[in-house]
Each structure stands twice: as C-alpha cells, then as structure tokens.
file work-v6.cif (mmCIF, C-alpha atoms)
data_final
#
loop_
_atom_site.label_atom_id
_atom_site.label_comp_id
_atom_site.auth_asym_id
_atom_site.auth_seq_id
_atom_site.Cartn_x
_atom_site.Cartn_y
_atom_site.Cartn_z
CA MET O 1 6.15 -0.60 78.04
CA SER O 2 5.52 0.97 74.67
CA LEU O 3 2.63 3.29 73.92
CA TYR O 4 1.83 0.99 71.01
CA TRP O 5 1.46 -2.24 72.96
CA ASN O 6 -2.10 -3.44 73.32
CA SER O 7 -3.55 -4.54 76.66
CA ARG O 8 -2.98 -8.22 75.90
CA VAL O 9 0.76 -7.76 75.35
CA LYS O 10 1.05 -5.54 78.42
CA SER O 11 -0.47 -8.25 80.59
CA LEU O 12 1.68 -11.13 79.30
CA ALA O 13 4.33 -12.77 81.47
CA PRO O 14 6.27 -14.73 78.82
CA TYR O 15 7.94 -18.08 79.36
CA ILE O 16 11.61 -17.79 80.32
CA PRO O 17 13.74 -20.49 78.65
CA GLY O 18 16.82 -22.02 80.24
CA GLU O 19 20.09 -20.23 79.72
CA GLN O 20 21.70 -20.89 76.33
CA PRO O 21 25.37 -19.82 76.55
CA ARG O 22 26.99 -18.83 73.29
CA ASP O 23 30.34 -20.32 74.25
CA ARG O 24 31.23 -23.90 75.13
CA LYS O 25 32.85 -23.34 78.51
CA PHE O 26 29.79 -24.67 80.34
CA ILE O 27 28.58 -28.21 80.90
CA LYS O 28 24.94 -27.70 79.97
CA LEU O 29 22.59 -29.63 82.24
CA ASN O 30 19.81 -27.04 82.32
CA THR O 31 17.51 -27.59 79.32
CA ASN O 32 16.87 -31.35 79.17
CA GLU O 33 18.62 -31.77 75.84
CA ASN O 34 19.79 -35.23 74.88
CA PRO O 35 23.58 -35.47 75.40
CA TYR O 36 24.06 -37.81 72.43
CA PRO O 37 23.95 -36.98 68.71
CA PRO O 38 20.95 -37.67 66.49
CA SER O 39 20.79 -40.74 64.31
CA PRO O 40 23.19 -40.65 61.33
CA LYS O 41 20.11 -41.28 59.19
CA VAL O 42 18.76 -37.88 60.26
CA ILE O 43 21.87 -36.05 59.08
CA GLU O 44 21.79 -38.01 55.81
CA ALA O 45 18.12 -37.16 55.22
CA ILE O 46 18.65 -33.45 55.88
CA ALA O 47 21.65 -33.35 53.54
CA LYS O 48 19.64 -35.08 50.83
CA ALA O 49 16.78 -32.60 51.22
CA ALA O 50 19.10 -29.58 51.02
CA ASP O 51 18.84 -29.12 47.28
CA GLU O 52 17.17 -26.83 44.74
CA ARG O 53 13.74 -27.72 46.16
CA LEU O 54 14.39 -25.22 48.95
CA ARG O 55 12.97 -22.61 46.60
CA LEU O 56 9.58 -24.33 47.04
CA TYR O 57 7.30 -24.20 50.05
CA PRO O 58 7.33 -27.34 52.19
CA ASP O 59 4.38 -29.71 52.26
CA PRO O 60 1.84 -27.90 54.49
CA ALA O 61 0.29 -31.24 55.46
CA CYS O 62 3.70 -32.64 56.53
CA THR O 63 2.61 -35.90 54.92
CA GLU O 64 5.89 -37.83 54.87
CA PHE O 65 6.57 -37.07 58.51
CA ARG O 66 3.02 -37.86 59.60
CA GLU O 67 3.17 -41.15 57.73
CA ALA O 68 6.36 -42.03 59.60
CA VAL O 69 4.72 -41.18 62.94
CA ALA O 70 1.59 -43.16 62.04
CA ALA O 71 3.67 -46.22 61.14
CA ARG O 72 5.76 -45.91 64.30
CA TYR O 73 2.77 -45.65 66.66
CA GLY O 74 0.24 -47.79 64.85
CA VAL O 75 -2.31 -45.05 64.18
CA ALA O 76 -3.88 -43.56 61.06
CA VAL O 77 -2.19 -40.64 59.33
CA GLU O 78 -5.36 -38.62 59.98
CA GLN O 79 -4.67 -39.01 63.71
CA VAL O 80 -1.31 -37.19 63.53
CA PHE O 81 -0.61 -33.45 63.61
CA ALA O 82 2.84 -31.94 63.02
CA GLY O 83 4.12 -28.64 64.38
CA ASN O 84 7.16 -26.48 64.92
CA GLY O 85 8.14 -28.13 68.18
CA SER O 86 5.72 -29.39 70.81
CA ASP O 87 5.46 -25.88 72.23
CA GLU O 88 3.68 -24.74 69.08
CA VAL O 89 1.45 -27.82 69.17
CA LEU O 90 0.55 -27.05 72.78
CA ALA O 91 -0.19 -23.42 71.95
CA PHE O 92 -2.53 -24.52 69.17
CA ALA O 93 -4.17 -27.04 71.51
CA PHE O 94 -4.98 -24.31 74.06
CA ALA O 95 -6.59 -22.30 71.27
CA ALA O 96 -8.48 -25.29 69.84
CA PHE O 97 -9.90 -27.06 72.89
CA PHE O 98 -10.20 -24.63 75.81
CA GLU O 99 -12.87 -21.91 75.94
CA CYS O 100 -11.97 -18.27 76.44
CA GLN O 101 -12.96 -16.22 79.46
CA GLY O 102 -16.40 -14.74 78.97
CA VAL O 103 -17.72 -17.47 76.68
CA SER O 104 -21.01 -18.78 78.01
CA GLY O 105 -20.41 -21.92 80.05
CA ALA O 106 -16.62 -21.49 80.16
CA VAL O 107 -15.07 -22.86 83.34
CA PRO O 108 -11.39 -22.99 84.33
CA ILE O 109 -9.13 -25.65 82.88
CA LEU O 110 -6.95 -27.60 85.30
CA PHE O 111 -3.23 -28.29 85.46
CA PRO O 112 -0.78 -28.94 88.33
CA ASP O 113 0.54 -26.12 90.48
CA ILE O 114 4.06 -27.39 89.80
CA THR O 115 4.38 -28.21 86.12
CA TYR O 116 5.59 -26.95 82.75
CA SER O 117 5.60 -23.19 83.14
CA PHE O 118 4.42 -22.55 79.58
CA TYR O 119 0.86 -23.66 80.50
CA PRO O 120 -0.14 -20.49 82.38
CA VAL O 121 1.53 -18.44 79.63
CA TYR O 122 -0.63 -20.07 76.96
CA ALA O 123 -3.74 -19.75 79.11
CA ARG O 124 -3.20 -16.01 79.54
CA LEU O 125 -2.30 -15.55 75.88
CA TRP O 126 -5.58 -17.12 74.75
CA ASP O 127 -7.56 -15.67 77.71
CA VAL O 128 -8.40 -19.16 78.99
CA PRO O 129 -9.45 -19.31 82.65
CA PHE O 130 -7.42 -21.82 84.65
CA ARG O 131 -7.06 -23.26 88.10
CA THR O 132 -4.02 -25.10 89.42
CA VAL O 133 -4.29 -28.35 91.36
CA SER O 134 -1.72 -28.92 94.10
CA LEU O 135 0.62 -31.84 93.79
CA LYS O 136 0.79 -34.14 96.78
CA ASP O 137 3.56 -33.68 99.34
CA ASN O 138 5.67 -36.20 97.43
CA PHE O 139 5.14 -34.18 94.21
CA SER O 140 2.83 -36.77 92.65
CA ILE O 141 -0.37 -36.06 90.70
CA ASP O 142 -3.52 -37.52 92.25
CA PRO O 143 -6.02 -38.10 89.39
CA ASP O 144 -8.94 -37.93 91.82
CA ASP O 145 -8.09 -34.27 92.51
CA TYR O 146 -8.98 -33.54 88.88
CA LYS O 147 -12.41 -35.12 89.02
CA GLN O 148 -14.23 -31.84 89.41
CA ASN O 149 -16.01 -29.42 87.12
CA ASN O 150 -13.44 -28.18 84.61
CA GLY O 151 -13.01 -26.84 81.10
CA GLY O 152 -10.33 -29.41 80.25
CA ILE O 153 -7.18 -30.89 81.75
CA ILE O 154 -3.55 -30.74 80.69
CA PHE O 155 -0.41 -32.09 82.35
CA PRO O 156 2.94 -33.57 81.35
CA ASN O 157 3.54 -37.25 81.92
CA PRO O 158 6.20 -37.56 83.27
CA ASN O 159 5.64 -34.21 84.92
CA ALA O 160 8.18 -31.42 84.68
CA PRO O 161 10.15 -30.38 86.60
CA THR O 162 9.43 -33.11 89.15
CA ALA O 163 10.04 -36.09 86.79
CA LYS O 164 7.28 -38.14 88.44
CA ALA O 165 4.82 -40.04 86.23
CA LEU O 166 1.30 -41.40 86.31
CA ALA O 167 0.58 -45.00 85.39
CA LEU O 168 -1.43 -45.66 82.25
CA ASP O 169 -4.43 -47.01 84.16
CA ALA O 170 -4.77 -43.69 86.01
CA ILE O 171 -4.76 -41.77 82.72
CA THR O 172 -7.36 -44.20 81.36
CA LYS O 173 -9.74 -43.39 84.22
CA LEU O 174 -9.15 -39.67 83.88
CA ALA O 175 -9.77 -39.76 80.13
CA GLY O 176 -13.03 -41.57 80.75
CA TYR O 177 -14.10 -39.00 83.32
CA GLU O 178 -13.36 -36.13 80.95
CA GLU O 179 -15.12 -37.86 78.05
CA LYS O 180 -18.32 -38.16 80.10
CA ASN O 181 -18.10 -34.44 80.78
CA GLY O 182 -17.41 -33.56 77.15
CA LYS O 183 -13.96 -32.11 77.87
CA ALA O 184 -10.50 -32.65 76.43
CA LEU O 185 -7.61 -34.30 78.21
CA ILE O 186 -4.17 -33.34 76.88
CA VAL O 187 -1.20 -35.43 77.98
CA ASP O 188 2.15 -33.81 77.23
CA GLU O 189 4.54 -36.73 76.68
CA ALA O 190 7.81 -34.88 76.12
CA TYR O 191 9.67 -37.30 78.41
CA ILE O 192 7.73 -40.55 78.09
CA ALA O 193 10.59 -42.24 76.18
CA PHE O 194 12.62 -42.20 79.41
CA ALA O 195 9.93 -43.86 81.54
CA ASP O 196 11.01 -47.40 82.40
CA LYS O 197 8.90 -48.19 85.45
CA PRO O 198 6.24 -50.92 84.93
CA GLY O 199 2.81 -49.48 84.20
CA ILE O 200 4.09 -46.12 82.99
CA LYS O 201 3.59 -46.03 79.24
CA SER O 202 2.56 -43.69 76.48
CA ALA O 203 -1.13 -42.83 76.36
CA VAL O 204 -1.05 -43.15 72.57
CA THR O 205 -2.49 -46.62 73.07
CA LEU O 206 -5.65 -44.98 74.43
CA VAL O 207 -6.44 -42.51 71.62
CA LYS O 208 -8.56 -45.01 69.69
CA GLN O 209 -10.64 -45.56 72.82
CA PHE O 210 -11.06 -41.94 73.87
CA PRO O 211 -12.00 -39.29 71.24
CA ASN O 212 -11.21 -36.54 73.76
CA LEU O 213 -7.59 -37.59 74.42
CA LEU O 214 -4.68 -35.82 72.75
CA THR O 215 -1.06 -36.82 73.33
CA VAL O 216 1.65 -34.29 72.51
CA HIS O 217 5.23 -35.25 71.64
CA THR O 218 8.57 -33.64 70.84
CA LEU O 219 11.70 -34.75 69.03
CA SER O 220 13.81 -32.41 71.15
CA LYS O 221 14.48 -34.83 73.99
CA ALA O 222 14.28 -38.47 72.99
CA ALA O 223 15.40 -37.91 69.38
CA SER O 224 18.30 -35.52 70.12
CA LEU O 225 16.75 -32.86 67.87
CA ALA O 226 16.19 -29.81 70.07
CA GLY O 227 17.74 -27.70 67.31
CA LEU O 228 15.39 -29.00 64.62
CA ARG O 229 12.08 -27.85 66.18
CA VAL O 230 9.58 -30.55 65.34
CA GLY O 231 6.77 -31.85 67.50
CA PHE O 232 3.57 -33.76 66.89
CA ALA O 233 0.26 -34.73 68.42
CA ILE O 234 -1.72 -37.96 68.20
CA GLY O 235 -5.47 -38.12 68.77
CA HIS O 236 -8.87 -38.60 67.18
CA LYS O 237 -9.08 -37.19 63.66
CA ASP O 238 -11.55 -34.55 64.81
CA LEU O 239 -9.02 -33.24 67.33
CA ILE O 240 -6.38 -33.16 64.62
CA GLU O 241 -8.71 -31.23 62.33
CA ALA O 242 -9.19 -28.62 65.06
CA LEU O 243 -5.43 -28.18 65.36
CA CYS O 244 -5.17 -27.80 61.58
CA ARG O 245 -7.86 -25.10 61.63
CA VAL O 246 -5.90 -23.13 64.21
CA ARG O 247 -2.59 -23.64 62.40
CA ASP O 248 -4.02 -22.54 59.08
CA SER O 249 -5.37 -19.40 60.71
CA VAL O 250 -1.82 -18.50 61.74
CA ASN O 251 0.71 -20.05 59.34
CA SER O 252 0.14 -22.99 57.01
CA TYR O 253 3.86 -23.72 56.66
CA THR O 254 5.04 -24.21 60.22
CA VAL O 255 7.59 -26.97 59.57
CA ASP O 256 10.32 -26.42 56.99
CA ARG O 257 11.48 -28.86 54.31
CA LEU O 258 14.76 -29.82 56.01
CA ALA O 259 13.12 -30.32 59.40
CA LEU O 260 10.45 -32.57 57.88
CA ALA O 261 13.06 -34.77 56.24
CA GLY O 262 15.14 -35.08 59.39
CA ALA O 263 12.13 -35.66 61.60
CA ALA O 264 10.78 -38.48 59.40
CA ALA O 265 14.17 -40.19 59.51
CA ALA O 266 14.36 -39.82 63.29
CA VAL O 267 10.93 -41.31 63.93
CA SER O 268 11.76 -44.24 61.66
CA ASP O 269 15.09 -45.02 63.37
CA PHE O 270 13.65 -45.84 66.78
CA ALA O 271 16.11 -48.73 67.28
CA TYR O 272 18.98 -46.22 67.40
CA TYR O 273 17.18 -43.98 69.86
CA ASP O 274 15.99 -46.83 72.06
CA GLU O 275 19.63 -47.71 72.70
CA VAL O 276 20.64 -44.09 73.30
CA ASN O 277 17.81 -43.45 75.73
CA ARG O 278 18.38 -46.66 77.67
CA HIS O 279 21.85 -45.31 78.33
CA VAL O 280 20.38 -41.97 79.45
CA CYS O 281 18.13 -43.84 81.90
CA SER O 282 21.09 -45.83 83.21
CA THR O 283 23.01 -42.59 83.79
CA ARG O 284 19.97 -41.12 85.54
CA GLU O 285 19.84 -44.00 88.01
CA LYS O 286 23.56 -43.72 88.79
CA VAL O 287 23.31 -39.97 89.32
CA SER O 288 20.22 -40.33 91.50
CA ALA O 289 21.95 -42.91 93.68
CA SER O 290 25.11 -40.81 93.99
CA LEU O 291 23.18 -37.69 94.97
CA ALA O 292 21.16 -39.64 97.53
CA GLN O 293 24.39 -40.99 98.99
CA MET O 294 25.57 -37.40 99.46
CA GLY O 295 22.37 -36.66 101.38
CA PHE O 296 20.41 -34.92 98.63
CA THR O 297 16.64 -35.41 98.58
CA VAL O 298 16.09 -36.99 95.17
CA ILE O 299 12.65 -37.37 93.61
CA PRO O 300 12.36 -40.73 91.78
CA SER O 301 12.67 -39.82 88.09
CA GLN O 302 11.03 -41.19 84.97
CA ALA O 303 12.47 -38.47 82.73
CA ASN O 304 15.89 -37.52 81.37
CA PHE O 305 16.52 -35.27 84.35
CA VAL O 306 16.65 -35.48 88.13
CA PHE O 307 14.92 -33.18 90.60
CA ALA O 308 16.88 -32.89 93.84
CA SER O 309 17.50 -30.60 96.80
CA PRO O 310 20.77 -30.36 98.78
CA PRO O 311 21.08 -31.95 102.22
CA ALA O 312 19.96 -29.68 105.06
CA SER O 313 23.02 -30.76 107.02
CA SER O 314 25.25 -29.05 104.45
CA GLY O 315 23.85 -25.64 105.28
CA LYS O 316 23.67 -24.96 101.54
CA SER O 317 20.45 -23.83 99.89
CA GLY O 318 19.39 -24.79 96.38
CA MET O 319 20.26 -21.28 95.24
CA GLN O 320 23.74 -21.51 96.74
CA VAL O 321 24.42 -24.87 95.09
CA PHE O 322 23.03 -23.56 91.79
CA SER O 323 25.37 -20.54 91.91
CA ALA O 324 28.38 -22.57 93.02
CA LEU O 325 27.87 -25.06 90.19
CA ARG O 326 27.69 -22.21 87.71
CA GLU O 327 31.00 -20.88 89.00
CA LYS O 328 32.42 -24.31 88.25
CA GLY O 329 31.10 -24.11 84.69
CA ILE O 330 28.07 -26.36 85.24
CA LEU O 331 24.58 -25.12 84.39
CA VAL O 332 21.50 -26.64 86.02
CA ARG O 333 17.97 -25.24 86.30
CA ARG O 334 16.35 -23.72 89.36
CA PHE O 335 12.79 -22.41 89.66
CA ASP O 336 12.15 -19.60 92.11
CA LYS O 337 8.70 -20.81 93.06
CA PRO O 338 7.09 -21.89 96.34
CA ARG O 339 7.64 -25.53 97.36
CA ILE O 340 10.42 -26.09 94.80
CA ASN O 341 12.81 -23.13 95.21
CA ASN O 342 15.27 -25.35 97.08
CA TYR O 343 15.31 -27.95 94.29
CA LEU O 344 17.52 -28.19 91.23
CA ARG O 345 16.52 -29.79 87.95
CA ILE O 346 19.53 -31.58 86.55
CA SER O 347 19.47 -32.78 82.94
CA MET O 348 21.40 -35.93 82.15
CA GLY O 349 24.62 -35.33 80.24
CA THR O 350 27.25 -37.81 79.14
CA ASP O 351 28.77 -40.04 81.80
CA ASP O 352 31.89 -37.87 81.89
CA GLU O 353 29.81 -34.72 82.28
CA MET O 354 27.81 -36.25 85.10
CA ASP O 355 31.00 -37.36 86.88
CA THR O 356 32.18 -33.75 86.74
CA PHE O 357 28.80 -32.61 88.05
CA LEU O 358 28.84 -35.10 90.93
CA ASN O 359 32.39 -34.19 91.89
CA GLY O 360 31.36 -30.54 91.85
CA CYS O 361 28.39 -31.25 94.11
CA ALA O 362 30.57 -33.17 96.55
CA GLU O 363 33.03 -30.28 96.77
CA ILE O 364 30.26 -27.74 97.29
CA ILE O 365 28.54 -29.81 99.99
CA ARG O 366 31.81 -30.44 101.82
CA GLY O 367 32.77 -26.77 101.60
#
call {"tool": "encode", "arguments": {"input": "work-v6.cif", "output": "structure tokens"}}
result
Amino acid sequence: MSLYWNSRVKSLAPYIPGEQPRDRKFIKLNTNENPYPPSPKVIEAIAKAADERLRLYPDPACTEFREAVAARYGVAVEQVFAGNGSDEVLAFAFAAFFECQGVSGAVPILFPDITYSFYPVYARLWDVPFRTVSLKDNFSIDPDDYKQNNGGIIFPNPNAPTAKALALDAITKLAGYEEKNGKALIVDEAYIAFADKPGIKSAVTLVKQFPNLLTVHTLSKAASLAGLRVGFAIGHKDLIEALCRVRDSVNSYTVDRLALAGAAAAVSDFAYYDEVNRHVCSTREKVSASLAQMGFTVIPSQANFVFASPPASSGKSGMQVFSALREKGILVRRFDKPRINNYLRISMGTDDEMDTFLNGCAEIIRG
C-alpha cells in the first residue's frame, strides 16, 4: 500500500474480472461473451460514424441510442439512461438510490449471498451498508426472504453465476413490497435475452406500474458487443434523472461517438440477435444434457452459461477440472467461495467449441 492512498482505497477489495488471454490459443468460455459476431449493421454504423466528427464531443444525452432503446422496449425516451457498460450504470445506481452508512435512517440493502460479485464492491466503494440473503439449497432466490426492513434490493435476473431466474410475477410482488416501503428495486437483466422458460420475462414491462423499479441492461452478452462497452437502464423518469445527476457529477461524456452509433444499430436489429441467441440457448440445452449424462450436477440455466459441478464418483474436484481444462486450452470460470467452490461457470461458445469442451470434460472425468 502506498503512503498516499486514502483510507477508502486501502479498504477496497476490487472486482476481479475473468481472465482475458492476449493470444488465441484458448477456447474462451469464462466471461459470458457471445460466441457469434455482432450484426453487420453495427459494423456499418460504426464505420459511418468514424469520420471528422470525432474531433467533437459525443452527445452527452446519448439521444439517438436512447431513442432506439425506447422504440425497442415501448417506453419513453425520458425513461432510458445510457452508460459505459452496465457496470457503470450499476455503479451510478448504487450512488443514486442507496443511502450511505451513517446517514440517519440508513439500513442495509439486500442482495443474494451468491450473485454478481461487483455488488459488494460497489457497496463498499459508496459506503453503503448491505446484508446478503442466502439462496435456497437449489440456488434459487425466494422473494419472501427479501420482505424485511431494507434500504433497497438488487439482484440479477437470471442470477449470476447460478443462471437461475425468477418469474415475472414474483418480481411484481417484490416491486410492490418495496414501493410500499419507499425503497428501490434494481433488477440486473444482463442475461434476460437467454431466458426461454414460460413466465420468465424482462421486468421492463413493469416500470410504468412501479416508479421504484429500475431494470439494467448490457449489450455485452445478447448483442455480441462486450468490446463496445454500452449499457442502459429503464425506469421511471425520476430514477433516470437521479442517474443523470450522478453521471454529470463524474463525467458527462461516458459513451463515445462510435459506441453510440454501434449501440443504436444493435438495439434496432433485434431480429438478427433473436436468431443468434436462440441458437445460443439451443447449444446451452445440449451442453447441459451432455454434462448431466456424464454425471455432472447441472443447475437449470436461463442464461448464456451453465453452472455445473463434476460427478463425485469421478474423484475430481471443481478446481481439478478447472485446471485440467485450462491445460487443454479451455478457459472456464470458477469462484473460490463457500457453497459454489466445486462449481464451474461455463459460457456458451460455438457448437464446435462446446464439442471440444465436452470431449475434454469426458477425458478428464475418465482419467
């Protein structure tokens, strides 16, 4: 630690992203990227925007992109916020809607004990008190467990890294509970495009009904644009104004001109992405079935990844399988945390990549 670090920086435990190898010798199934290319319209839009206008600042209001999102989701432009990836949007949301420790009346916010590991990082960064709520034994979220005194609630739906999802009616009841208590409910929908089980849908349809509900989205997964860094939120206009106030206290130009052009094109070409993501879901089901046939414990997934642990009969731990796969040039994600340290999170790649992965697993289990 440096003498010049302040106490806040000294106390931080930053988020650790998945490994990003600089060479191409690995099959990368560790960061939930989409294995298929973005829409050709995205590339065309970025190329068109790469002109002399780059000398100018981008539109701070991100108007063109927000208009595309509003049209796609059937909401008003004033109900859309744009940011530099959903991680930035989430960081702003923690600052905008959750009270800091020491503020009169501040009580802990709630999120699952097994969830996106950026949440406790943001909470500590903004000095927001929090309390985790245990998932059930089957890794599901029980909404009733959240019906307690709280300073706000946040969770991903589908959850990460478990890939399990709550039905829309459960989110409706939870939003109503939080509204009565004057608290915000933030639903992080990074993976909702891959949910194909009846009853599991985006909570965007609820934002007109609940002024306390904010849904957060990313183009990294469903739109094959992890390298572009664009995310957005949809909610009541007053929630969006709060996010703008935080943004404009940090950096008014968070999304660059090229990213805005590509993002607007991506949101508008949902027909292309619907087809791509149906294929991802089909691959997910095949991989889940194959792993189960090998004896893996596989959590039913509604995301673009599978959460699974190796069969006990193999004598191989999750760590051993993780390491053996890496030796074979296959990267997956493992979290060294209680309850899930024997599980692997496996992003869906192309069909050929997943065949290589499955063959690798079979060899490791047999060995």
call {"tool": "closest_residue", "arguments": {"input": "work-v6.cif", "among": "O:Ala91, O:Ala312, O:Val121, O:Leu206", "to": "O:Thr297", "atoms": "all atoms listed in the file"}}
result
O:Ala312
call {"tool": "resolve_selection", "arguments": {"input": "work-v6.cif", "expression": "the PyMOL selection byres ((chain O and resi 41) around 10)", "output": "NGL selection string"}}
result
:O and (38-40 or 42-47 or 262 or 264-266 or 268-269 or 272)
call {"tool": "resolve_selection", "arguments": {"input": "work-v6.cif", "expression": "the PyMOL selection byres ((chain O and resi 60) around 8)", "output": "compact mmCIF listing (two decimals) with C-alpha atoms, keeping the file's coordinate frame"}}
result
# COMPACT_ATOMS: atom_id res chain seq x y z
CA TYR O 57 7.30 -24.20 50.05
CA PRO O 58 7.33 -27.34 52.19
CA ASP O 59 4.38 -29.71 52.26
CA ALA O 61 0.29 -31.24 55.46
CA CYS O 62 3.70 -32.64 56.53
CA SER O 252 0.14 -22.99 57.01
CA TYR O 253 3.86 -23.72 56.66
CA THR O 254 5.04 -24.21 60.22
CA VAL O 255 7.59 -26.97 59.57
call {"tool": "closest_residue", "arguments": {"input": "work-v6.cif", "among": "O:Val306, O:Val107, O:Phe81, O:Phe357", "to": "O:Leu331", "atoms": "only C-alpha atoms"}}
result
O:Phe357
call {"tool": "resolve_selection", "arguments": {"input": "work-v6.cif", "expression": "the PyMOL selection byres ((chain O and resi 174) around 10)", "output": "list in words"}}
result
Pro143, Asp144, Tyr146, Lys147, Ile153, Leu168, Asp169, Ala170, Ile171, Thr172, Lys173, Ala175, Gly176, Tyr177, Glu178, Glu179, Leu185 and Leu213 of chain O
call {"tool": "atom_distance", "arguments": {"input": "work-v6.cif", "atom1": "atom CA of O:Asn157", "atom2": "atom CA of O:Val280"}}
result
17.7 Å
call {"tool": "closest_residue", "arguments": {"input": "work-v6.cif", "among": "O:Leu214, O:Cys281, O:Met348, O:Ile365", "to": "O:Val321", "atoms": "all atoms listed in the file"}}
result
O:Ile365
call {"tool": "closest_residue", "arguments": {"input": "work-v6.cif", "among": "O:Thr283, O:Ser323, O:Ser202, O:Ser301", "to": "O:Met354", "atoms": "all atoms listed in the file"}}
result
O:Thr283
call {"tool": "atom_distance", "arguments": {"input": "work-v6.cif", "atom1": "atom CA of O:Asp188", "atom2": "atom CA of O:Asp256"}}
result
23.0 Å
call {"tool": "atom_distance", "arguments": {"input": "work-v6.cif", "atom1": "atom CA of O:Pro108", "atom2": "atom CA of O:Tyr343"}}
result
28.9 Å
call {"tool": "residues_near_point", "arguments": {"input": "work-v6.cif", "point": "(24.4, -34.8, 83.0)", "cutoff": "9 Å", "atoms": "all atoms listed in the file", "output": "ChimeraX atom specification"}}
result
/O:27-29,35,280,283-284,287,305,346-357
call {"tool": "residues_around", "arguments": {"input": "work-v6.cif", "residues": "stretch 115-120 of chain O", "least_positions_apart": "3", "cutoff": "8 Å", "atoms": "all atoms listed in the file", "output": "PyMOL selection string"}}
result
chain O and resi 15+111-112+123-124+130+155-156+159-162
call {"tool": "closest_residue", "arguments": {"input": "work-v6.cif", "among": "O:Leu358, O:Arg53, O:Ser317, O:Phe65", "to": "O:Ser288", "atoms": "only C-alpha atoms"}}
result
O:Leu358
call {"tool": "closest_atom_pairs", "arguments": {"input": "work-v6.cif", "of": "stretch 50-127 of chain O", "to": "stretch 238-247 of chain O", "cutoff": "10 Å", "atoms": "all atoms listed in the file", "output": "CSV"}}
result
residue,atom,partner,partner_atom,distance
O:Pro60,CA,O:Cys244,CA,10.0
O:Ala61,CA,O:Cys244,CA,8.9
O:Glu78,CA,O:Ile240,CA,7.2
O:Gln79,CA,O:Ile240,CA,6.2
O:Val80,CA,O:Ile240,CA,6.6
O:Phe81,CA,O:Ile240,CA,5.9
O:Ala82,CA,O:Cys244,CA,9.1
O:Gly83,CA,O:Arg247,CA,8.6
O:Glu88,CA,O:Arg247,CA,9.2
O:Val89,CA,O:Leu243,CA,7.9
O:Leu90,CA,O:Leu243,CA,9.6
O:Ala91,CA,O:Val246,CA,9.6
O:Phe92,CA,O:Leu243,CA,6.0
O:Ala93,CA,O:Leu243,CA,6.4
O:Phe94,CA,O:Leu243,CA,9.5
O:Ala95,CA,O:Val246,CA,7.1
O:Ala96,CA,O:Ala242,CA,5.9
O:Phe97,CA,O:Ala242,CA,8.0
